[in-house]
Every structure is written in structure tokens, then in C-alpha cells.
Amino acid sequence: MWVSSSGSTKDKSPMKKIDVTLVDLKTKTTIALVKVNNWTTVSTLKQLVWRECKYPVKEQRLLYKNMWLDTNKELQDYGMFDENESERIINIGLSHSYDKTIGDIEIIGNTIKLTPSMEDIINEIRHGFNAKITPELTFEGTSGTYLLKNDCHRPLAVYKPIDEEAFAPSNPREFKGSYGSPSLRKGVLSGEACVREIAAYIIDREGFSGVPETLFAAARHPSFRFLGEKKNGMPDENDSTSDAIAAMIIPHAMLEGKSQAKYGSLQRFEISHDVAENLCEDLFSVEEVHKIAILDMRILNTDRHSSNILVRKIKTESPDAKSPDKKKKGESIYYKLIPIDHGMSLPGTLELLEMEYCWLSWSQKDKPFSAKTLEFIRKIDVDQDIEKLNSQFRFRPICRRNMKLSCTVLKKGAGAGLTIGEIGKIWCRTDDEGEVPSVFERLAEKARRQADIVGEIKKKNSYSLK
């Protein structure tokens, strides 16, 4: 039997044909022997399994060498066509066989459409819970950050519960406090970081800056601890301050019927080779650095140190790629930057410190924006972005105002021909102690005073007309 993919428009390598054995994961019996080529997609293979075995496509889980196959990828992405591969067996299982009583995870809210690959990830995490794979608390950090894995122990997602944020009630690293307490960055309160992780993805839905898919999720597992207040990872309803914080950031209707669960941000685990901190910044292209800086200004991120940027090495023959790391003749390495950790965004302050932004010390900051980047900045609609955020979460008015001001500085600066470094000097406090207000702060304060004066004049005029 012959299988081929359809609809792909990317450049094709020479066609290779191989035989693949399909095996039932539960019974270990061979179902069929099929011929595929290196252009065959996992989606196409699932259609074949349906025709041959009547396994529903949406419930199929295909396993090759301890790797669950992503519906959106091609078989060649898994090394199946390497010349030294002698045994090509794909195991087939069904996703409806997990037991929710052991542990479960589900996405909350319907304003962000779940991608097919994230649906696969959710199902794999459930199977990991079923296989008694415990959520793994990461070694580093100040909050509760967990790696969620499949039943082959492969990390699939990063989960950050609200009640385990720094200075939240159930923090596992002794940074405990009440909801609404000052957090690690000025202007962000405990209990607010979760939705800011998700906000970064909502703002970057077009994918310009490459924020990994991040959603709001409820998770249950016996290993989760509830040390502080109500046993669902949310504040005690009798605590007016805590309840006020929860009401601001999460519509309560989304939480009904989900007791005994943790609530938090769920982010796709991105495969990377390193973090920017461990590499020379000269390896990174101007475009890659600019996309990170633009994101930070759009969401007013206050925590962009170089460990919050993952680096993925991509082999390329593109003449546009920076290529200091030559491996083969005609081949180079492109360093793709992936921004993570956006919980300290959208603060209630404009006190931004230059030292918090690694890209302000990199040479790429002084390079001009490309035409493509300038066009992207020109099309940013901050009012629409804020509307998207408010469709699912509630942010303090001052946080929304600051986001709008920051985007305005970005758009005006880029439109005037400034580099991101020059805009950053306006945006941040640049003195060593971080005590001198930035140009941005002074302009915002001046505008506020003028608005107050105009408001008073209008108020007096309305009285005089009476």
C-alpha cells in the first residue's frame, strides 16, 4: 500500500520510500505493513490507519522510538528515513483509554482556539498522569514551575499554578504570602503572573516574536500540594482582598464545577539547545533580537534577562542567516530565539530599569529596523490588543494604560527612524542606581497633569453654564 502527503508547499528533498510496520500498542500485534515516503505527514498516516483499522483519527496516538508523533509534522522529521535505520515500527494507541481519577488537565476558557498539536499534548499529559508520571518541580526559580511529561517521560509542557507564584499562599520555595502581595518586580502582584504569561501569547498570536503557545488550564494530580487557602488553588472566598485579586484576573464563571484543581498557565515545552546567557550575542541575527525587544515593549515586560531567551540551532543554507558556526560547505547554523517567562509583564508602574533588558547591551540594538519589521510595528493596534486581553482576563486599569503608553512610544519612535536602542533609552531609567525617572516616565506624568488640567477646566465650564 502507498501513502503520500498532500497540500505541502515547502521545498521538497528527493523522494525516499520505506516500509513501515504498524503495531497495536495494547495487543502488540501487527496491523499492517505500509509504504510511505519522506513527504508523508503524520496526518496522512492517521487517515490510512482509519481506513485500515477503523481507529478514529482524533483518538489515535502514534508512537515511534519513544516519540509521540505530532499531527502537523512529516515522518521525516523523526529521523525515520535515516540510512542507518533498520527497524521502522509505529505503535498505535487510542487516547480515550486514560483514567481521569488519577489526574487530569483541561483548558479553561474558549477565547483562544486550541491548536491540533496542543490537543495532542493535552492527551499525552493525561496518559503521563495515568502512567504515574508525577509533575516535576523545576530546580531553579522562585515560583512553582512544573514540567508535565508523557508516559515516555518526555517533557511536553510547563505548568505554573497561580497559588504557587512567588509570595502566593502555596509557594513551594518558602516565598509565601497572600494574594495581592508585592511580587519580585515592582507593579506586579502575587496572583497576577499566570495571566501575564498567557497575555504574552495572546498579544503575539501572529507569531512575530515566537512566544510558545500558552493557555489557561486546570490540573489535578495527587502530588499537587495545597498549603494555603481554599483547596482549588484560588483564594478563600471569605478573604475580601484575595477575592478581589481573583475577581480582577479571572472571570469566576470559568471556574465553576472544577474544585480540587490547580489553576495556572500551561505553556508548550520548546526544544532548545541552550539559553542566550551561555552564548555570544554576536551569533544572533538583528531580526531575532529586534523581535524580542519589540515584544518586551508591547507587553511592558520587566524581566528580560538572557536566561529568559531559549536558543534553538537550525541548520540552513539561507544566505540571510548569520553563519559564524560553519559545519559543512554551504551549510550554516541559524540561531532562533524563543522568548519565555513573561509573568512580570503589564506592571502597574513605568519604572523600568535598563539592567533588566539584556538586548539593551547587545550591538543589534543600534541596527536599523528592517522594512518588514517597520511594517509590523506600524500595524500594531494596541487598543485591539487590550480588547483581546480583556475578553478572557481582567487587568488593572493602570496596567492597561501603561501597555498603551509603551506601545505608543514604540510606534512613534520607530516611525521617527529611531533604533530599538534609542527607543530603549527613552523607555528605561539609565542611571546606575535606577532612581532617575526616564524620559518615558516624565512624558507620561506631564501628559497626566495636562489631562487633569483639561478635566478641571471642563468641570468649571460645565458649572458656569448652569
# chains A, B, ... in the order shown; residues from 1 in each chain; ligands from 1
>>> closest_atom_pairs(of="range 129-156 of chain A", to="range 271-293 of chain A", cutoff="12 Å", atoms="only C-alpha atoms", output="CSV")
residue,atom,partner,partner_atom,distance
A:Arg154,CA,A:Ile271,CA,10.8
A:Pro155,CA,A:Ile271,CA,9.2
A:Leu156,CA,A:Ile271,CA,9.3
>>> write_last_selection(atoms="C-alpha atoms", output="PDB file, in the first residue's frame")
ATOM      1  CA  ARG A 154       9.305  13.304  27.584  1.00  0.00           C
ATOM      2  CA  PRO A 155       8.613  16.936  28.719  1.00  0.00           C
ATOM      3  CA  LEU A 156       5.659  18.401  26.853  1.00  0.00           C
TER       4      LEU A 156
END
>>> select_by_dssp(residues="range 236-456 of chain A", states="helix (DSSP H, G or I)", output="PyMOL selection string")
chain A and resi 240-249+252-255+276-278+281-283+286-299+306-308+354-356+358-361+363-366+371-379+382-390+397-415+420-427+439-456
>>> select_by_dssp(residues="range 56-234 of chain A", states="strand (DSSP E)", output="number ranges by chain")
A: 60-64, 67-68, 89-94, 104-107, 136-137, 146-149, 155-161, 214-220
>>> residues_around(residues="range 418-432 of chain A", least_positions_apart="2", cutoff="6 Å", atoms="only C-alpha atoms", output="MDAnalysis selection string")
chainID A and resid 352:354 365:366 368 413:414 416 434 437:440
>>> atom_distance(atom1="CA of Lys28 in chain A", atom2="CA of Lys132 in chain A")
21.6 Å
>>> residues_around(residues="Lys313 in chain A", least_positions_apart="6", cutoff="7 Å", atoms="only C-alpha atoms", output="JSON, numbers by chain")
{"A": [273, 333, 334, 335, 336]}
>>> closest_residue(among="A:His342, A:Arg173, A:Arg298, A:Arg312", to="Val211 in chain A", atoms="only C-alpha atoms")
A:His342
>>> closest_residue(among="A:Asp296, A:Asp385, A:Asp452, A:Asp70", to="Met118 in chain A", atoms="only C-alpha atoms")
A:Asp70
>>> atom_distance(atom1="CA of Lys58 in chain A", atom2="CA of Pro116 in chain A")
9.6 Å
>>> residues_around(residues="Asn301 in chain A", least_positions_apart="6", cutoff="8 Å", atoms="only C-alpha atoms", output="number ranges by chain")
A: 295, 342, 344-347
>>> write_last_selection(atoms="N, CA and C atoms", output="short mmCIF file (atom, residue, chain, number, x, y, z; two decimals), in the first residue's frame")
data_model
loop_
_atom_site.label_atom_id
_atom_site.label_comp_id
_atom_site.auth_asym_id
_atom_site.auth_seq_id
_atom_site.Cartn_x
_atom_site.Cartn_y
_atom_site.Cartn_z
N LEU A 295 8.56 42.67 21.44
CA LEU A 295 7.62 42.00 22.35
C LEU A 295 7.68 42.64 23.73
N HIS A 342 7.12 35.36 30.99
CA HIS A 342 6.56 36.71 30.84
C HIS A 342 5.61 37.08 31.98
N MET A 344 6.20 38.70 34.63
CA MET A 344 6.45 40.04 35.18
C MET A 344 6.16 41.14 34.15
N SER A 345 5.17 40.93 33.32
CA SER A 345 4.77 41.91 32.31
C SER A 345 3.55 42.70 32.78
N LEU A 346 3.18 43.70 32.00
CA LEU A 346 1.99 44.53 32.28
C LEU A 346 1.96 45.03 33.72
N PRO A 347 3.00 45.70 34.16
CA PRO A 347 3.06 46.18 35.55
C PRO A 347 2.21 47.43 35.76
#
>>> closest_residue(among="A:Asn66, A:Gln76, A:Ser306, A:Ser117", to="Val36 in chain A", atoms="only C-alpha atoms")
A:Gln76
>>> closest_residue(among="A:Thr40, A:Gln392, A:Ser223, A:Thr302", to="Gly187 in chain A", atoms="only C-alpha atoms")
A:Thr302
